[in-house]
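A short worksheet on the structure shown next.
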Amino acid sequence: MTTLASPTDTVTRDALAVLQPGFTGTSAPDWLLRRVGEGLTAVGLFGRNIQSPEQLAALTAQLRAERDDVLVAIDEEGGDVTRLEVRNGSSFPGNYALGSVDDPALTRAVAHELGRRLAECGVNLNWAPSADVNSNPGNPVIGVRSFGADPALVARHTAAYIEGIQAAGVAACTKHFPGHGDTAVDSHQALPRIDVDLDTLHARELVPFKAAIAAGSKAVMSAHILLPALDPDRPATLSPQILTGLLRGELGYEGLIVTDAVEMQAISATYGIERGSVLAVAAGADALCVGGGLEDDATVRRLRDALVAAVRSGELPEERLADAAARVRALASWTRGAGGATPEPGAAAQEGTAPGTGADGDVGLTAARRAVRVTGDGARLDGPVHVAAFTPVANIAVGDETPWGVAAELARLLPGTTSDTYGREDADPAAGVLRAAGDRRVVAVVRDAHRHPWMAAAVQALLTARPDTAVVEMGLPQSAPRGTLYVETRGAARVCGLAAAEALTGR
């Protein structure tokens with residue numbers, strides 16, 4: 001493409017303003033600093049960019065030396081999806097755990113503490129919370145990232161999360177509009193299709209987003225999903241009917257509309273990232289998330305030039321691009337002036353302590369403990385065990401870098417404990433577990449066992465051979481096996497593993 005862009009041109013600066021690109025490294029590369037100086041108003045962070053809170057604070061300070069109102073965005077849901085604690089696991093349970101407790105004051109307190117930690121590091125936009133109603137238990141990409149399957153419950157916790165995190169001075173970005181919960185396909189890999197009528201959409205998917213708008217969510221992220229009842233031709237991210245007609249017009253939303261990552265296959269495989277980006281802005285999107293795998297100056301230039309060329313050719317109205325850029329700058333201005341405030345006291349812990357201060361001094365662990373459910377009449381663990389972690393293929397949004405499970409905590413509580421991981425590729429995982437366990441009691445740890453027949457079969461084989469096997473479900477629980485000690489954590493965050501270990505041992 002022949003570039004029509006000039007660093008001093010208004011259209012070029014507007015095109016840069018609507019991009020939210022990622023990059024490689026733990027300090028800002030020269031090309032990124034140069035683009036920030038030329039008008040780039042937002043930068044996205046991922047696990048690859050973070051080593052420690054101190055390093056992250058230095059990185060964000062480096063960016064703000066170029067532009068003091070730059071938006072620094074992150075995908076920090078807590079729970080299974082963490083970038084801030086990608087190497088150790090999150091200090092906060094995820095949405096499903098919070099929804100299971102169903103204490104909006106607790107959700108507000110967790111979000112506020114997470115937001116406080118982000119703000120301390122200089123992050124001021126969080127691509128969270130997920131407001132998807134998880135109506136399809138087989139959903140491969142949402143699951144425990146949702147507060148639950150009940151629209152009213154999801155709505156009240158979405159609003160509480162937004163209130164908590166924005167009170168800390170960090171803008172919320174509620175996702176994935178108009179709702180990714182009833183999908184059986186991961187939009188990272190293909191284009192999901194949701195065949196529901198408008199009545200169902202309004203009674204289910206849209207309820208939490210209406211609550212988010214009422215709560216003042218500063219941003220909303222679009223979903224790469226096809227909803228034929230609204231637009232039979234284009235996914236939501238590229239649909240004027242959905243972004244402008246429904247979100248802006250019918251629901252009256254005035255904040256920033258951000259796309260999910262444009263390199264995801266649901267968009268890039270059909271439209272390409274340049275064409276997809278132009279169509280998204282034309283449809284009503286104000287900012288383009290550019291996530292993993294495309295983290296270089298060439299990508300930023302390609303997208304900038306595609307937007308400039310579309311304006312020059314008349315395909316993208318200059319006024320639409322200018323409006324999008326103005327909304328980005330308005331949010332950047334809000335974050336610069338936003339101050340953190342402590343949310344109202346509420347039932348943050350069973351003991352009745354104030355938000356952020358559970359009896360253990362850690363609201364995240366307090367929340368994880370409250371979310372754990374123990375059933376069955378099996379005895380608690382009182383000696384060394386063998387922990388068998390049945391590991392599914394990682395959800396792309398979650399990633400495979402973050403550790404999960406209960407092995408480390410059980411080894412600390414029960415010295416002599418051993419552990420290993422088992423996967424679908426193992427010919428007979430149950431036999432391997434029994435060989436490794438020897439005389440030790442077995443603890444089988446699973447994640448969404450209902451979605452993985454090999455995993456469910458292995459657990460059943462263990463229960464048949466060793467009825468005293470304890471089972472820990474760290475994903476979306478379905479039916480508990482009878483008799484045995486069964487622990488549901490409602491998520492795989494580090495604190496969920498600790499809470500599970502405590503429940504298993506009674507300590």
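Chain labels run A, B, ... following the order of the structure tokens; each chain numbers its residues from 1, and ligands are numbered from 1 in the order shown.
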With only C-alpha atoms as the counted atoms, please give the residues lying no more than 9 Å from His176 (chain A), apart from itself and same-chain residues fewer than 2 positions off, as a PDB file with N, CA and C atoms, in the first residue's frame.
```pdb
ATOM      1  N   PRO A 129     -15.065  -5.944  32.927  1.00  0.00           N
ATOM      2  CA  PRO A 129     -15.363  -7.363  33.150  1.00  0.00           C
ATOM      3  C   PRO A 129     -16.058  -8.019  31.965  1.00  0.00           C
ATOM      4  N   SER A 130     -16.085  -9.339  31.997  1.00  0.00           N
ATOM      5  CA  SER A 130     -16.924 -10.103  31.078  1.00  0.00           C
ATOM      6  C   SER A 130     -18.356 -10.070  31.604  1.00  0.00           C
ATOM      7  N   ALA A 131     -19.256  -9.543  30.786  1.00  0.00           N
ATOM      8  CA  ALA A 131     -20.673  -9.474  31.153  1.00  0.00           C
ATOM      9  C   ALA A 131     -21.483 -10.529  30.404  1.00  0.00           C
ATOM     10  N   ASP A 132     -20.813 -11.525  29.861  1.00  0.00           N
ATOM     11  CA  ASP A 132     -21.489 -12.575  29.098  1.00  0.00           C
ATOM     12  C   ASP A 132     -22.284 -13.486  30.033  1.00  0.00           C
ATOM     13  N   THR A 174     -16.456  -3.226  29.499  1.00  0.00           N
ATOM     14  CA  THR A 174     -17.374  -4.352  29.645  1.00  0.00           C
ATOM     15  C   THR A 174     -17.467  -5.118  28.326  1.00  0.00           C
ATOM     16  N   PRO A 178     -22.613  -8.098  21.727  1.00  0.00           N
ATOM     17  CA  PRO A 178     -23.813  -8.132  22.585  1.00  0.00           C
ATOM     18  C   PRO A 178     -23.972  -9.413  23.397  1.00  0.00           C
ATOM     19  N   GLY A 179     -22.899 -10.165  23.630  1.00  0.00           N
ATOM     20  CA  GLY A 179     -22.958 -11.347  24.483  1.00  0.00           C
ATOM     21  C   GLY A 179     -22.371 -12.573  23.815  1.00  0.00           C
ATOM     22  N   HIS A 180     -21.343 -13.151  24.437  1.00  0.00           N
ATOM     23  CA  HIS A 180     -20.592 -14.283  23.881  1.00  0.00           C
ATOM     24  C   HIS A 180     -20.904 -15.580  24.624  1.00  0.00           C
ATOM     25  N   GLY A 181     -21.939 -15.583  25.457  1.00  0.00           N
ATOM     26  CA  GLY A 181     -22.167 -16.722  26.341  1.00  0.00           C
ATOM     27  C   GLY A 181     -22.805 -17.939  25.712  1.00  0.00           C
ATOM     28  N   VAL A 220     -16.969  -0.291  26.294  1.00  0.00           N
ATOM     29  CA  VAL A 220     -17.627  -1.565  25.996  1.00  0.00           C
ATOM     30  C   VAL A 220     -16.853  -2.209  24.859  1.00  0.00           C
ATOM     31  N   MET A 221     -16.565  -3.504  24.983  1.00  0.00           N
ATOM     32  CA  MET A 221     -15.850  -4.234  23.937  1.00  0.00           C
ATOM     33  C   MET A 221     -16.823  -5.072  23.116  1.00  0.00           C
ATOM     34  N   SER A 222     -16.661  -5.018  21.805  1.00  0.00           N
ATOM     35  CA  SER A 222     -17.520  -5.792  20.910  1.00  0.00           C
ATOM     36  C   SER A 222     -17.053  -7.229  20.795  1.00  0.00           C
ATOM     37  N   ALA A 223     -17.985  -8.106  20.436  1.00  0.00           N
ATOM     38  CA  ALA A 223     -17.687  -9.528  20.222  1.00  0.00           C
ATOM     39  C   ALA A 223     -17.618  -9.825  18.739  1.00  0.00           C
ATOM     40  N   HIS A 224     -16.711 -10.733  18.381  1.00  0.00           N
ATOM     41  CA  HIS A 224     -16.636 -11.208  16.991  1.00  0.00           C
ATOM     42  C   HIS A 224     -17.602 -12.384  16.837  1.00  0.00           C
ATOM     43  N   THR A 259     -13.018  -2.704  19.976  1.00  0.00           N
ATOM     44  CA  THR A 259     -13.168  -4.031  19.379  1.00  0.00           C
ATOM     45  C   THR A 259     -12.384  -5.062  20.179  1.00  0.00           C
ATOM     46  N   ASP A 260     -12.828  -6.302  20.131  1.00  0.00           N
ATOM     47  CA  ASP A 260     -11.943  -7.389  20.545  1.00  0.00           C
ATOM     48  C   ASP A 260     -10.784  -7.410  19.539  1.00  0.00           C
TER      49      ASP A 260
END
```
Give me the residues within 9 Å of Ser90 (chain A) as a JSON list (two decimals) with N, CA, C and O atoms, in the first residue's frame, counting only C-alpha atoms and dropping any in the same chain fewer than 6 places off.
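For reference, part-v3.json as written:
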```json
[["chain", "number", "residue", "atom", "x", "y", "z"],
["A", 78, "GLY", "N", -8.69, -11.06, 36.40],
["A", 78, "GLY", "CA", -8.58, -11.84, 37.62],
["A", 78, "GLY", "C", -9.01, -13.26, 37.32],
["A", 78, "GLY", "O", -9.40, -13.60, 36.19],
["A", 79, "GLY", "N", -8.93, -14.15, 38.29],
["A", 79, "GLY", "CA", -9.32, -15.52, 38.04],
["A", 79, "GLY", "C", -8.40, -16.19, 37.04],
["A", 79, "GLY", "O", -7.18, -16.07, 37.11],
["A", 80, "ASP", "N", -8.98, -16.87, 36.06],
["A", 80, "ASP", "CA", -8.20, -17.62, 35.10],
["A", 80, "ASP", "C", -7.44, -16.71, 34.13],
["A", 80, "ASP", "O", -6.42, -17.13, 33.57],
["A", 81, "VAL", "N", -7.93, -15.50, 33.90],
["A", 81, "VAL", "CA", -7.33, -14.60, 32.92],
["A", 81, "VAL", "C", -6.58, -13.50, 33.66],
["A", 81, "VAL", "O", -7.17, -12.52, 34.13],
["A", 82, "THR", "N", -5.27, -13.67, 33.78],
["A", 82, "THR", "CA", -4.46, -12.67, 34.47],
["A", 82, "THR", "C", -3.22, -12.37, 33.66],
["A", 82, "THR", "O", -2.60, -13.27, 33.08],
["A", 83, "ARG", "N", -2.88, -11.12, 33.58],
["A", 83, "ARG", "CA", -1.62, -10.69, 32.96],
["A", 83, "ARG", "C", -0.68, -10.14, 34.05],
["A", 83, "ARG", "O", 0.52, -10.33, 33.99],
["A", 84, "LEU", "N", -1.27, -9.50, 35.05],
["A", 84, "LEU", "CA", -0.48, -8.93, 36.13],
["A", 84, "LEU", "C", 0.26, -10.02, 36.91],
["A", 84, "LEU", "O", 1.37, -9.80, 37.40],
["A", 364, "GLY", "N", -9.10, -11.06, 48.09],
["A", 364, "GLY", "CA", -9.14, -12.08, 47.06],
["A", 364, "GLY", "C", -9.23, -13.48, 47.64],
["A", 364, "GLY", "O", -10.05, -14.30, 47.20],
["A", 402, "THR", "N", 0.16, -19.64, 32.80],
["A", 402, "THR", "CA", -0.18, -19.45, 34.20],
["A", 402, "THR", "C", -0.41, -20.77, 34.90],
["A", 402, "THR", "O", -1.25, -21.56, 34.47],
["A", 492, "ALA", "N", -9.78, -21.26, 38.56],
["A", 492, "ALA", "CA", -8.46, -21.86, 38.75],
["A", 492, "ALA", "C", -7.40, -20.84, 39.14],
["A", 492, "ALA", "O", -6.22, -21.07, 38.96],
["A", 493, "ALA", "N", -7.82, -19.70, 39.71],
["A", 493, "ALA", "CA", -6.85, -18.72, 40.20],
["A", 493, "ALA", "C", -6.00, -19.33, 41.32],
["A", 493, "ALA", "O", -6.39, -20.31, 41.95],
["A", 494, "ARG", "N", -4.85, -18.72, 41.57],
["A", 494, "ARG", "CA", -3.98, -19.21, 42.65],
["A", 494, "ARG", "C", -4.72, -19.28, 43.98],
["A", 494, "ARG", "O", -4.58, -20.26, 44.73],
["A", 495, "VAL", "N", -5.52, -18.25, 44.27],
["A", 495, "VAL", "CA", -6.23, -18.25, 45.56],
["A", 495, "VAL", "C", -7.31, -19.32, 45.60],
["A", 495, "VAL", "O", -7.64, -19.83, 46.67],
["A", 496, "CYS", "N", -7.85, -19.71, 44.44],
["A", 496, "CYS", "CA", -8.82, -20.79, 44.41],
["A", 496, "CYS", "C", -8.14, -22.11, 44.76],
["A", 496, "CYS", "O", -8.71, -22.96, 45.45]]
```
Point to revise | Contacts of Gln241 (chain A) at 7 Å (only C-alpha atoms; same-chain gap of 3+ positions) as JSON, numbers by chain | key: {"A": [230, 231, 244, 245, 246]}
Check your understanding: If we count only C-alpha atoms, what is near Arg329 (chain A) at a cut-off of 12 Å, once residues fewer than 2 positions away on the same chain are taken out, given as a count of residues only?
Key -> 31
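As for CA of Ala58 (chain A) and CA of Trp31 (chain A), they are spaced 17.6 Å apart.
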Practice item. Pick out the residues sitting within 9 Å of Val110 (chain A), and hand them over as a list in words; count only C-alpha atoms, and ignore anything fewer than 2 positions along from it in its own chain. Key: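 Listed by chain and then number, they are Phe92, Pro93, Leu98, Ala105, Leu106, Thr107, Arg108, His112, Glu113, Leu114, Gly115, Tyr161, Gly164, Ile165, Ala348, Pro355, Gly356, Val363, Gly364 and Ala367 of chain A.
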